[in-house]
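Source file: data21.cif; contents: mmCIF, C-alpha atoms.
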data_model
#
loop_
_atom_site.label_atom_id
_atom_site.label_comp_id
_atom_site.auth_asym_id
_atom_site.auth_seq_id
_atom_site.Cartn_x
_atom_site.Cartn_y
_atom_site.Cartn_z
CA GLN A 27 -0.62 -15.30 -16.62
CA LEU A 28 0.89 -16.34 -19.95
CA HIS A 29 0.51 -19.70 -21.67
CA LEU A 30 3.73 -20.58 -23.48
CA VAL A 31 4.28 -23.13 -26.23
CA GLU A 32 7.74 -23.94 -27.56
CA SER A 33 8.52 -25.40 -30.98
CA GLY A 34 11.47 -25.98 -33.27
CA GLY A 35 13.40 -28.64 -31.41
CA ASP A 36 14.97 -31.38 -33.52
CA LEU A 37 17.90 -33.74 -34.02
CA VAL A 38 20.80 -31.88 -35.61
CA GLN A 39 24.44 -32.67 -36.34
CA PRO A 40 27.26 -30.85 -34.54
CA GLY A 41 27.88 -27.52 -36.23
CA GLY A 42 24.28 -27.25 -37.35
CA SER A 43 21.64 -24.64 -36.55
CA LEU A 44 18.14 -24.52 -35.14
CA ARG A 45 15.67 -21.76 -34.36
CA LEU A 46 13.36 -22.28 -31.43
CA SER A 47 10.12 -20.37 -31.11
CA CYS A 48 7.96 -19.70 -28.08
CA ALA A 49 4.44 -18.47 -28.73
CA ALA A 50 2.64 -16.75 -25.88
CA SER A 51 -1.06 -16.36 -25.29
CA GLY A 52 -2.70 -14.27 -22.62
CA LEU A 53 -2.43 -10.63 -21.72
CA GLY A 54 0.73 -8.67 -21.28
CA PHE A 55 3.44 -10.42 -23.27
CA VAL A 56 4.90 -7.08 -24.25
CA TYR A 57 5.45 -6.20 -20.58
CA HIS A 58 7.35 -9.36 -19.68
CA ALA A 59 11.01 -10.18 -19.88
CA MET A 60 11.46 -13.65 -21.35
CA GLY A 61 14.02 -16.35 -20.85
CA TRP A 62 15.19 -19.59 -22.42
CA PHE A 63 16.34 -22.39 -20.17
CA ARG A 64 17.56 -25.91 -20.86
CA GLN A 65 17.86 -29.15 -18.97
CA ALA A 66 20.31 -31.83 -20.02
CA PRO A 67 19.81 -35.45 -18.93
CA GLY A 68 20.86 -35.87 -15.32
CA LYS A 69 21.51 -32.15 -14.84
CA GLU A 70 19.69 -29.22 -13.33
CA ARG A 71 17.89 -26.73 -15.49
CA GLU A 72 20.04 -23.73 -16.41
CA GLY A 73 19.37 -20.32 -17.84
CA VAL A 74 20.61 -19.93 -21.42
CA ALA A 75 19.43 -16.51 -22.59
CA CYS A 76 17.05 -13.75 -21.61
CA ILE A 77 15.63 -10.61 -23.15
CA ASP A 78 13.91 -7.62 -21.61
CA SER A 79 10.38 -6.57 -22.51
CA SER A 80 11.48 -4.08 -25.16
CA GLY A 81 13.99 -6.42 -26.75
CA GLU A 82 16.80 -3.93 -26.24
CA ARG A 83 18.77 -5.80 -23.59
CA THR A 84 19.84 -9.43 -23.60
CA ASP A 85 22.04 -11.73 -21.55
CA TYR A 86 23.50 -15.17 -22.17
CA ILE A 87 25.23 -17.94 -20.34
CA SER A 88 28.92 -17.82 -21.25
CA SER A 89 28.94 -21.20 -23.02
CA VAL A 90 26.59 -19.92 -25.76
CA TRP A 91 28.06 -16.46 -26.31
CA GLY A 92 28.55 -15.81 -30.02
CA ARG A 93 26.51 -18.87 -31.02
CA PHE A 94 22.97 -18.20 -29.70
CA THR A 95 20.80 -15.15 -30.25
CA ILE A 96 17.57 -14.41 -28.41
CA SER A 97 15.02 -12.08 -30.00
CA ARG A 98 11.35 -11.26 -29.74
CA ASP A 99 8.52 -10.02 -31.89
CA ASN A 100 6.04 -8.26 -29.65
CA ALA A 101 3.56 -7.93 -32.50
CA LYS A 102 3.42 -11.73 -32.70
CA ASP A 103 3.77 -12.45 -28.97
CA THR A 104 6.72 -14.68 -29.77
CA VAL A 105 10.27 -15.05 -28.53
CA TYR A 106 12.96 -16.85 -30.50
CA LEU A 107 16.27 -18.55 -29.85
CA GLN A 108 18.56 -18.83 -32.86
CA MET A 109 21.20 -21.47 -32.17
CA ASN A 110 24.22 -21.77 -34.44
CA ASN A 111 27.31 -23.97 -34.35
CA LEU A 112 25.52 -26.41 -32.08
CA LYS A 113 27.57 -28.75 -29.93
CA PRO A 114 26.65 -32.08 -28.30
CA GLU A 115 26.67 -30.34 -24.92
CA ASP A 116 23.77 -28.18 -26.10
CA THR A 117 21.55 -31.26 -26.02
CA GLY A 118 18.57 -30.99 -23.71
CA VAL A 119 14.98 -29.93 -23.30
CA TYR A 120 14.62 -26.22 -23.93
CA TYR A 121 12.00 -24.20 -22.07
CA CYS A 122 10.84 -20.65 -22.42
CA ALA A 123 9.62 -18.69 -19.45
CA ALA A 124 8.00 -15.36 -18.62
CA GLU A 125 9.20 -13.16 -15.77
CA GLY A 126 7.65 -13.26 -12.36
CA ALA A 127 7.79 -11.08 -9.28
CA ARG A 128 11.41 -11.92 -8.45
CA TYR A 129 12.76 -10.62 -11.75
CA THR A 130 14.75 -7.47 -11.06
CA GLY A 131 16.21 -6.68 -14.47
CA ILE A 132 18.87 -8.05 -16.78
CA HIS A 133 21.47 -5.71 -15.33
CA THR A 134 21.16 -7.46 -11.96
CA GLY A 135 21.82 -10.90 -13.40
CA SER A 136 18.36 -12.07 -12.46
CA GLY A 137 17.47 -12.86 -16.07
CA LEU A 138 19.25 -16.21 -16.03
CA ARG A 139 17.89 -17.36 -12.68
CA GLU A 140 15.05 -19.83 -12.63
CA THR A 141 13.44 -18.16 -9.63
CA SER A 142 12.92 -14.97 -11.66
CA TYR A 143 10.29 -16.63 -13.83
CA ARG A 144 6.67 -17.52 -13.17
CA ASP A 145 5.17 -18.98 -16.35
CA TRP A 146 6.80 -21.91 -18.16
CA GLY A 147 6.24 -23.82 -21.36
CA GLN A 148 6.32 -27.60 -21.69
CA GLY A 149 9.67 -27.67 -23.47
CA THR A 150 11.05 -28.80 -26.81
CA GLN A 151 13.79 -31.40 -27.28
CA VAL A 152 17.07 -30.45 -28.91
CA THR A 153 19.51 -33.25 -29.67
CA VAL A 154 22.93 -32.56 -31.14
CA SER A 155 24.54 -35.75 -32.35
CA SER A 156 26.27 -37.21 -35.36
#
Write-out of the structure in structure tokens:
Amino acid sequence: QLHLVESGGDLVQPGGSLRLSCAASGLGFVYHAMGWFRQAPGKEREGVACIDSSGERTDYISSVWGRFTISRDNAKDTVYLQMNNLKPEDTGVYYCAAEGARYTGIHTGSGLRETSYRDWGQGTQVTVSS
């Protein structure tokens, strides 16, 4: 089981950028696909981006294509989410998560499904507002 701690959330103006980090502790980070999810006020949590264990394959929700980039550093047990050109609709609590038994690979679309993940962080708040 992995313990995950997110950081980097902040208040930013529309068009601005943030980089979120998720530090993992515990055994086996390098073997886990990782995902970033977000939950806006009054809405369900949704998958934003995911990355496989090697870092070679990624997937994104369509609304962040070309603006967000997920990456990982397996030497540091950390996954990142670079967010550029932020919009007010990107506001929410952002969570990172580590794959669980229901994850079947990015190519199946399972990387953006909440049920694919077992371990979750506590979240970091991102607010995009002028």
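Shortest atom-to-atom contact with Gly68 in chain A among A:Gly149, A:Ala127, A:Thr117, A:Ser156: A:Thr117, counting only C-alpha atoms.
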Subject >> Output check: residues returned by the PyMOL selection byres ((chain A and resi 102) around 10), as a PyMOL selection string >> reply: chain A and resi 49-51+55-56+98-101+103-105
Expected selection from the PyMOL selection byres ((chain A and resi 71) around 10), given as a short mmCIF file (atom, residue, chain, number, x, y, z; two decimals) with C-alpha atoms, in the frame of the given file:
data_model
loop_
_atom_site.label_atom_id
_atom_site.label_comp_id
_atom_site.auth_asym_id
_atom_site.auth_seq_id
_atom_site.Cartn_x
_atom_site.Cartn_y
_atom_site.Cartn_z
CA PHE A 63 16.34 -22.39 -20.17
CA ARG A 64 17.56 -25.91 -20.86
CA GLN A 65 17.86 -29.15 -18.97
CA ALA A 66 20.31 -31.83 -20.02
CA PRO A 67 19.81 -35.45 -18.93
CA GLY A 68 20.86 -35.87 -15.32
CA LYS A 69 21.51 -32.15 -14.84
CA GLU A 70 19.69 -29.22 -13.33
CA GLU A 72 20.04 -23.73 -16.41
CA GLY A 73 19.37 -20.32 -17.84
CA VAL A 74 20.61 -19.93 -21.42
CA GLY A 118 18.57 -30.99 -23.71
CA VAL A 119 14.98 -29.93 -23.30
CA TYR A 120 14.62 -26.22 -23.93
CA TYR A 121 12.00 -24.20 -22.07
CA ARG A 139 17.89 -17.36 -12.68
CA GLU A 140 15.05 -19.83 -12.63
#
**OP:** Extract, using only C-alpha atoms, all DNA, RNA and protein residues at most 8 Å from range 28-36 of chain A, discarding same-chain residues fewer than 3 positions from it, and format them as a PyMOL selection string.
**Re:** chain A and resi 44-55+120-124+145-153
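Rounded to one decimal, CA of Arg83 in chain A and CA of Asn110 in chain A lie 20.1 Å from each other.
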Original post:
For this file, the PyMOL selection byres ((chain A and resi 91) around 12) selects which residues, as a list in words?
Top reply: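 Selected by the PyMOL selection byres ((chain A and resi 91) around 12) here: Val74, Ala75, Thr84, Asp85, Tyr86, Ile87, Ser88, Ser89, Val90, Gly92, Arg93, Phe94, Thr95, Ile96, Gln108, Met109, Asn110, Asn111 and Leu112 of chain A.
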Subject >> Atomic distance CA of Ser80 in chain A - CA of Asp116 in chain A, expressed in Å with one decimal >> reply: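 Pair CA of Ser80 in chain A / CA of Asp116 in chain A returns 27.1 Å.
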**OP:** Please indicate the distance in Å from CA of Gly135 in chain A to CA of Gly41 in chain A, rounded to one decimal place.
**Re:**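 Pair CA of Gly135 in chain A / CA of Gly41 in chain A returns 28.9 Å.
Restricting the calculation to all atoms listed in the file, the smallest distance between Gly81 in chain A and any of A:Val154, A:Leu138, A:Ala59, A:Leu37 is found for A:Ala59.
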Pop range 66-77 of chain A out of the structure in the block and write all heavy atoms as a PDB file, in the first residue's frame.
ATOM      1  N   ALA A  66     -14.798  19.170  -8.297  1.00  0.00           N
ATOM      2  CA  ALA A  66     -15.283  20.546  -8.198  1.00  0.00           C
ATOM      3  C   ALA A  66     -16.446  20.600  -7.210  1.00  0.00           C
ATOM      4  O   ALA A  66     -17.116  19.582  -6.979  1.00  0.00           O
ATOM      5  CB  ALA A  66     -15.720  21.032  -9.565  1.00  0.00           C
ATOM      6  N   PRO A  67     -16.709  21.766  -6.646  1.00  0.00           N
ATOM      7  CA  PRO A  67     -17.822  21.886  -5.694  1.00  0.00           C
ATOM      8  C   PRO A  67     -19.139  21.426  -6.312  1.00  0.00           C
ATOM      9  O   PRO A  67     -19.496  21.843  -7.419  1.00  0.00           O
ATOM     10  CB  PRO A  67     -17.845  23.387  -5.382  1.00  0.00           C
ATOM     11  CG  PRO A  67     -16.451  23.848  -5.625  1.00  0.00           C
ATOM     12  CD  PRO A  67     -15.953  23.024  -6.771  1.00  0.00           C
ATOM     13  N   GLY A  68     -19.833  20.536  -5.630  1.00  0.00           N
ATOM     14  CA  GLY A  68     -21.121  20.075  -6.092  1.00  0.00           C
ATOM     15  C   GLY A  68     -21.075  19.067  -7.225  1.00  0.00           C
ATOM     16  O   GLY A  68     -22.128  18.701  -7.769  1.00  0.00           O
ATOM     17  N   LYS A  69     -19.880  18.614  -7.582  1.00  0.00           N
ATOM     18  CA  LYS A  69     -19.741  17.661  -8.690  1.00  0.00           C
ATOM     19  C   LYS A  69     -19.041  16.393  -8.224  1.00  0.00           C
ATOM     20  O   LYS A  69     -18.388  16.372  -7.191  1.00  0.00           O
ATOM     21  CB  LYS A  69     -18.972  18.300  -9.848  1.00  0.00           C
ATOM     22  CG  LYS A  69     -19.696  19.471 -10.499  1.00  0.00           C
ATOM     23  CD  LYS A  69     -18.963  19.939 -11.741  1.00  0.00           C
ATOM     24  CE  LYS A  69     -19.722  21.061 -12.431  1.00  0.00           C
ATOM     25  NZ  LYS A  69     -19.018  21.512 -13.674  1.00  0.00           N
ATOM     26  N   GLU A  70     -19.174  15.359  -9.033  1.00  0.00           N
ATOM     27  CA  GLU A  70     -18.490  14.108  -8.734  1.00  0.00           C
ATOM     28  C   GLU A  70     -17.010  14.216  -9.097  1.00  0.00           C
ATOM     29  O   GLU A  70     -16.619  15.005  -9.957  1.00  0.00           O
ATOM     30  CB  GLU A  70     -19.140  12.962  -9.500  1.00  0.00           C
ATOM     31  CG  GLU A  70     -20.560  12.658  -9.061  1.00  0.00           C
ATOM     32  CD  GLU A  70     -21.107  11.417  -9.736  1.00  0.00           C
ATOM     33  OE1 GLU A  70     -20.446  10.873 -10.629  1.00  0.00           O
ATOM     34  OE2 GLU A  70     -22.214  10.984  -9.351  1.00  0.00           O
ATOM     35  N   ARG A  71     -16.237  13.385  -8.460  1.00  0.00           N
ATOM     36  CA  ARG A  71     -14.807  13.350  -8.780  1.00  0.00           C
ATOM     37  C   ARG A  71     -14.609  12.767 -10.179  1.00  0.00           C
ATOM     38  O   ARG A  71     -15.283  11.793 -10.554  1.00  0.00           O
ATOM     39  CB  ARG A  71     -14.065  12.523  -7.730  1.00  0.00           C
ATOM     40  CG  ARG A  71     -12.576  12.602  -7.826  1.00  0.00           C
ATOM     41  CD  ARG A  71     -11.895  12.266  -6.502  1.00  0.00           C
ATOM     42  NE  ARG A  71     -12.253  10.973  -5.969  1.00  0.00           N
ATOM     43  CZ  ARG A  71     -11.812  10.516  -4.801  1.00  0.00           C
ATOM     44  NH1 ARG A  71     -11.011  11.270  -4.041  1.00  0.00           N
ATOM     45  NH2 ARG A  71     -12.163   9.320  -4.375  1.00  0.00           N
ATOM     46  N   GLU A  72     -13.678  13.366 -10.936  1.00  0.00           N
ATOM     47  CA  GLU A  72     -13.427  12.899 -12.303  1.00  0.00           C
ATOM     48  C   GLU A  72     -11.943  12.694 -12.530  1.00  0.00           C
ATOM     49  O   GLU A  72     -11.097  13.374 -11.942  1.00  0.00           O
ATOM     50  CB  GLU A  72     -13.956  13.915 -13.336  1.00  0.00           C
ATOM     51  CG  GLU A  72     -13.265  15.269 -13.315  1.00  0.00           C
ATOM     52  CD  GLU A  72     -13.785  16.215 -14.392  1.00  0.00           C
ATOM     53  OE1 GLU A  72     -14.595  15.798 -15.242  1.00  0.00           O
ATOM     54  OE2 GLU A  72     -13.372  17.396 -14.371  1.00  0.00           O
ATOM     55  N   GLY A  73     -11.638  11.730 -13.385  1.00  0.00           N
ATOM     56  CA  GLY A  73     -10.258  11.480 -13.752  1.00  0.00           C
ATOM     57  C   GLY A  73      -9.745  12.549 -14.689  1.00  0.00           C
ATOM     58  O   GLY A  73     -10.425  12.900 -15.650  1.00  0.00           O
ATOM     59  N   VAL A  74      -8.563  13.072 -14.421  1.00  0.00           N
ATOM     60  CA  VAL A  74      -7.970  14.146 -15.217  1.00  0.00           C
ATOM     61  C   VAL A  74      -6.828  13.624 -16.083  1.00  0.00           C
ATOM     62  O   VAL A  74      -6.766  13.934 -17.276  1.00  0.00           O
ATOM     63  CB  VAL A  74      -7.452  15.269 -14.299  1.00  0.00           C
ATOM     64  CG1 VAL A  74      -6.709  16.327 -15.107  1.00  0.00           C
ATOM     65  CG2 VAL A  74      -8.590  15.895 -13.511  1.00  0.00           C
ATOM     66  N   ALA A  75      -5.939  12.852 -15.500  1.00  0.00           N
ATOM     67  CA  ALA A  75      -4.769  12.362 -16.232  1.00  0.00           C
ATOM     68  C   ALA A  75      -4.258  11.101 -15.555  1.00  0.00           C
ATOM     69  O   ALA A  75      -4.465  10.899 -14.358  1.00  0.00           O
ATOM     70  CB  ALA A  75      -3.665  13.421 -16.264  1.00  0.00           C
ATOM     71  N   CYS A  76      -3.589  10.269 -16.330  1.00  0.00           N
ATOM     72  CA  CYS A  76      -2.992   9.062 -15.765  1.00  0.00           C
ATOM     73  C   CYS A  76      -1.702   8.751 -16.513  1.00  0.00           C
ATOM     74  O   CYS A  76      -1.496   9.204 -17.645  1.00  0.00           O
ATOM     75  CB  CYS A  76      -3.946   7.885 -15.809  1.00  0.00           C
ATOM     76  SG  CYS A  76      -4.531   7.466 -17.448  1.00  0.00           S
ATOM     77  N   ILE A  77      -0.864   7.961 -15.871  1.00  0.00           N
ATOM     78  CA  ILE A  77       0.429   7.609 -16.446  1.00  0.00           C
ATOM     79  C   ILE A  77       0.764   6.190 -16.031  1.00  0.00           C
ATOM     80  O   ILE A  77       0.499   5.780 -14.892  1.00  0.00           O
ATOM     81  CB  ILE A  77       1.505   8.624 -15.980  1.00  0.00           C
ATOM     82  CG1 ILE A  77       2.823   8.403 -16.704  1.00  0.00           C
ATOM     83  CG2 ILE A  77       1.691   8.583 -14.465  1.00  0.00           C
ATOM     84  CD1 ILE A  77       3.813   9.569 -16.517  1.00  0.00           C
TER      85      ILE A  77
END
